[in-house]
Amino acid sequence: MTNTAAQKAASTALLTDHYELTMLQASLADGTAHRRSIFEMFGRRLPDGRRYGVVAGVNRLLDALERFRFDDEVIAFLAGRGVVDQATCDWLANYRFSGDIAGYADGEIFFPGSPILVVESSFAEAVLLETLFLSILNHDSAVASAASRMTWWAGGRPCIEMGSRRTHEEAATAAALAAYIAGFSTTSNLEAARRYGIPSGGTAAHSFTLLHDTERDAFTSQVDALGKGTTLLVDTYDLTEAVATAIDITGPELGAVRLDSGDLPSLAVQVRDQLDALGATKTRIIVTSDLDEYQIAALAPAPVDAYGVGTSLVTGSGHPTCGFVYKLVAREDAEGTLLPVAKKSPDKISVGGRKYALRRRNSAGVAEVELIGVGKPPVDDGDDRQLLRSLVEAGKVVGRTTPDESRAHHLKVRDELPRSASQLSRGEPALPTEYIGDLQGGNPFDPRSHQ
């Protein structure tokens, strides 16, 4: 078996917390494990300064679900460690998720209370998936949420994902996919390009210039190898001299120059003026250097053609998790009646009952409300859009999308938001979350209820 095949076949069953299995053992013993249950994933709030969030990781979640198997090696580990008893090991050996999952698509917008994922099956089947599902969606959605703000403020200028060296190697590939879904054009990560078909790119670092005896030698070598359309890094030594040398070598056909340090807005103006004076009016300017959405917004008036973003992107721009939780919201009682259940702990309130969601839009197609029905779907008034789509039916994955489909979906639904959603200052979510149904204790996601 090749490494690639082994990776695809590797079980995801132990990417979980110990207590998921001990809950399973106890519920199998007392007979409640097979009660029909509904779990829901949602976030209680958005980070300060965020007006919306972006879902990503759904397709990775579906891939992980298909590999959620307790094979002989996994069972031997659990038995050898005494994690659970033999009866539980025997049950796990035959585990296959047979329930239904509905959820928001990759690229969809979410708000506090949005039912990102609705998992319906027996308690035993669903509870085991909690940690795996949360770890994927919390990470990928945090990256996508940051990436969407960056691409929004880039205003059509390409954004390049280049954060691999700032995070775990597997997180890097997931981050590259999440960024692409949220509008980034390329990645520097070749594994992400291989796995997901994302466009990749890259040219040279400062070390390449420092390797050579002169900057001219380095530029000549790179142009000879990659052509005049390449991007030359021009701030290793003297910026003005480097730009002059670059154009002397390539003429006006140079593809781009990259700025990686200093006062980027003023340097971009300086370099643009110099390039134009040298006749290189079509040579683009790419800026890097620890950019985030705030710096990208500040660079909007500058003559910048593309942005390369690393650390801030792969760490969620200061918010590396979305704070999603996975809660039991309904379960059968001893008579087989499905009952809503909810946690009432202070600051950790949830809303019981199976949820259905749509985005209420006005006649112009602008989103106005995140409308959530409890127990039954809210009524579409003709301009609205259903948010939950079928992802798994009777254990079979039915809801996959490609990265390009997810990307197109995100850009389309982001355009539905009111312009206030792009604001970088603190404020309330761009859309309020409203419930239709019996809410004992009120709406916990309405900011007015906490005043």
# chains A, B, ... in the order shown; residues from 1 in each chain; ligands from 1
>>> select_by_dssp(residues="stretch 149-214 of chain A", states="helix (DSSP H, G or I)", output="ChimeraX atom specification")
/A:149-154,164-166,169-181,190-196,206-211
>>> select_by_dssp(residues="stretch 49-258 of chain A", states="strand (DSSP E)", output="list in words")
Gly53, Val54, Asp100, Ile101, Ala102, Gly103, Ile109, Phe110, Leu117, Val118, Val119, Glu120, Ser121, Ser122, Cys159, Ile160, Glu161, Thr186, Thr187, Thr231, Leu232, Leu233, Ala256, Val257 and Arg258 of chain A
>>> atom_distance(atom1="atom CA of A:Ala13", atom2="atom CA of A:Phe97")
11.8 Å
>>> residues_around(residues="stretch 269-271 of chain A", least_positions_apart="5", cutoff="9 Å", atoms="only C-alpha atoms", output="list of chain:residue names")
A:Leu239, A:Thr240, A:Val243, A:Val257, A:Leu264, A:Asp276, A:Ile285, A:Ala302, A:Pro303, A:Val304
>>> residues_around(residues="A:Asp290", least_positions_apart="5", cutoff="10 Å", atoms="only C-alpha atoms", output="list in words")
Gly163, Asp260, Ser261, Gln295, Gly308, Val309, Gly310, Thr311, Ser312 and Leu313 of chain A
>>> write_last_selection(atoms="N, CA and C atoms", output="mmCIF file, in the first residue's frame")
data_model
loop_
_atom_site.group_PDB
_atom_site.id
_atom_site.type_symbol
_atom_site.label_atom_id
_atom_site.label_comp_id
_atom_site.auth_asym_id
_atom_site.auth_seq_id
_atom_site.Cartn_x
_atom_site.Cartn_y
_atom_site.Cartn_z
ATOM 1 N N GLY A 163 0.773 30.289 4.247
ATOM 2 C CA GLY A 163 0.962 30.161 5.683
ATOM 3 C C GLY A 163 1.432 28.801 6.165
ATOM 4 N N ASP A 260 8.342 42.779 0.683
ATOM 5 C CA ASP A 260 8.147 41.916 1.844
ATOM 6 C C ASP A 260 8.483 42.610 3.164
ATOM 7 N N SER A 261 8.708 43.904 3.153
ATOM 8 C CA SER A 261 9.055 44.591 4.400
ATOM 9 C C SER A 261 8.870 46.087 4.231
ATOM 10 N N GLN A 295 -4.613 45.346 7.503
ATOM 11 C CA GLN A 295 -3.576 45.896 6.634
ATOM 12 C C GLN A 295 -3.999 45.868 5.174
ATOM 13 N N GLY A 308 -0.014 38.516 -0.452
ATOM 14 C CA GLY A 308 0.358 37.205 0.054
ATOM 15 C C GLY A 308 0.178 37.183 1.555
ATOM 16 N N VAL A 309 -0.612 36.239 2.048
ATOM 17 C CA VAL A 309 -0.969 36.226 3.465
ATOM 18 C C VAL A 309 -0.595 34.885 4.082
ATOM 19 N N GLY A 310 0.014 34.917 5.264
ATOM 20 C CA GLY A 310 0.459 33.693 5.912
ATOM 21 C C GLY A 310 -0.076 33.513 7.308
ATOM 22 N N THR A 311 0.670 34.011 8.295
ATOM 23 C CA THR A 311 0.377 33.720 9.699
ATOM 24 C C THR A 311 -1.049 34.073 10.097
ATOM 25 N N SER A 312 -1.481 35.288 9.792
ATOM 26 C CA SER A 312 -2.821 35.715 10.216
ATOM 27 C C SER A 312 -3.914 34.854 9.606
ATOM 28 N N LEU A 313 -3.688 34.396 8.403
ATOM 29 C CA LEU A 313 -4.699 33.568 7.750
ATOM 30 C C LEU A 313 -4.846 32.215 8.427
#
>>> closest_atom_pairs(of="stretch 152-252 of chain A", to="stretch 116-140 of chain A", cutoff="7 Å", atoms="only C-alpha atoms", output="CSV")
residue,atom,partner,partner_atom,distance
A:Ala174,CA,A:Asp140,CA,6.6
A:Ala175,CA,A:Asp140,CA,6.2
A:Ala178,CA,A:Asp140,CA,5.6
>>> write_last_selection(atoms="N, CA, C and O atoms", output="mmCIF file, in the first residue's frame")
data_model
loop_
_atom_site.group_PDB
_atom_site.id
_atom_site.type_symbol
_atom_site.label_atom_id
_atom_site.label_comp_id
_atom_site.auth_asym_id
_atom_site.auth_seq_id
_atom_site.Cartn_x
_atom_site.Cartn_y
_atom_site.Cartn_z
ATOM 1 N N ALA A 174 -5.315 21.868 5.179
ATOM 2 C CA ALA A 174 -6.717 22.198 5.429
ATOM 3 C C ALA A 174 -6.942 23.699 5.323
ATOM 4 O O ALA A 174 -7.951 24.160 4.780
ATOM 5 N N ALA A 175 -5.988 24.481 5.834
ATOM 6 C CA ALA A 175 -6.107 25.936 5.775
ATOM 7 C C ALA A 175 -6.076 26.432 4.337
ATOM 8 O O ALA A 175 -6.797 27.369 3.971
ATOM 9 N N ALA A 178 -9.530 25.853 2.949
ATOM 10 C CA ALA A 178 -10.499 26.787 3.521
ATOM 11 C C ALA A 178 -10.319 28.182 2.941
ATOM 12 O O ALA A 178 -11.296 28.888 2.658
#
>>> residues_around(residues="stretch 367-384 of chain A", least_positions_apart="3", cutoff="10 Å", atoms="only C-alpha atoms", output="PyMOL selection string")
chain A and resi 110-115+330+340+351-364+387+413-418+430-439
>>> atom_distance(atom1="atom CA of A:Arg331", atom2="atom CA of A:Ala87")
23.7 Å
>>> atom_distance(atom1="atom CA of A:Ser406", atom2="atom CA of A:Arg284")
28.6 Å
>>> closest_residue(among="A:Ala242, A:Cys89, A:Ile181, A:Val329", to="A:Lys343", atoms="only C-alpha atoms")
A:Val329
>>> closest_residue(among="A:Thr315, A:Gly399, A:Pro320, A:Phe42", to="A:Thr167", atoms="only C-alpha atoms")
A:Thr315
>>> residues_around(residues="A:Tyr95", least_positions_apart="6", cutoff="9 Å", atoms="only C-alpha atoms", output="list of chain:residue names")
A:Phe68, A:Arg69, A:Phe70, A:Glu125
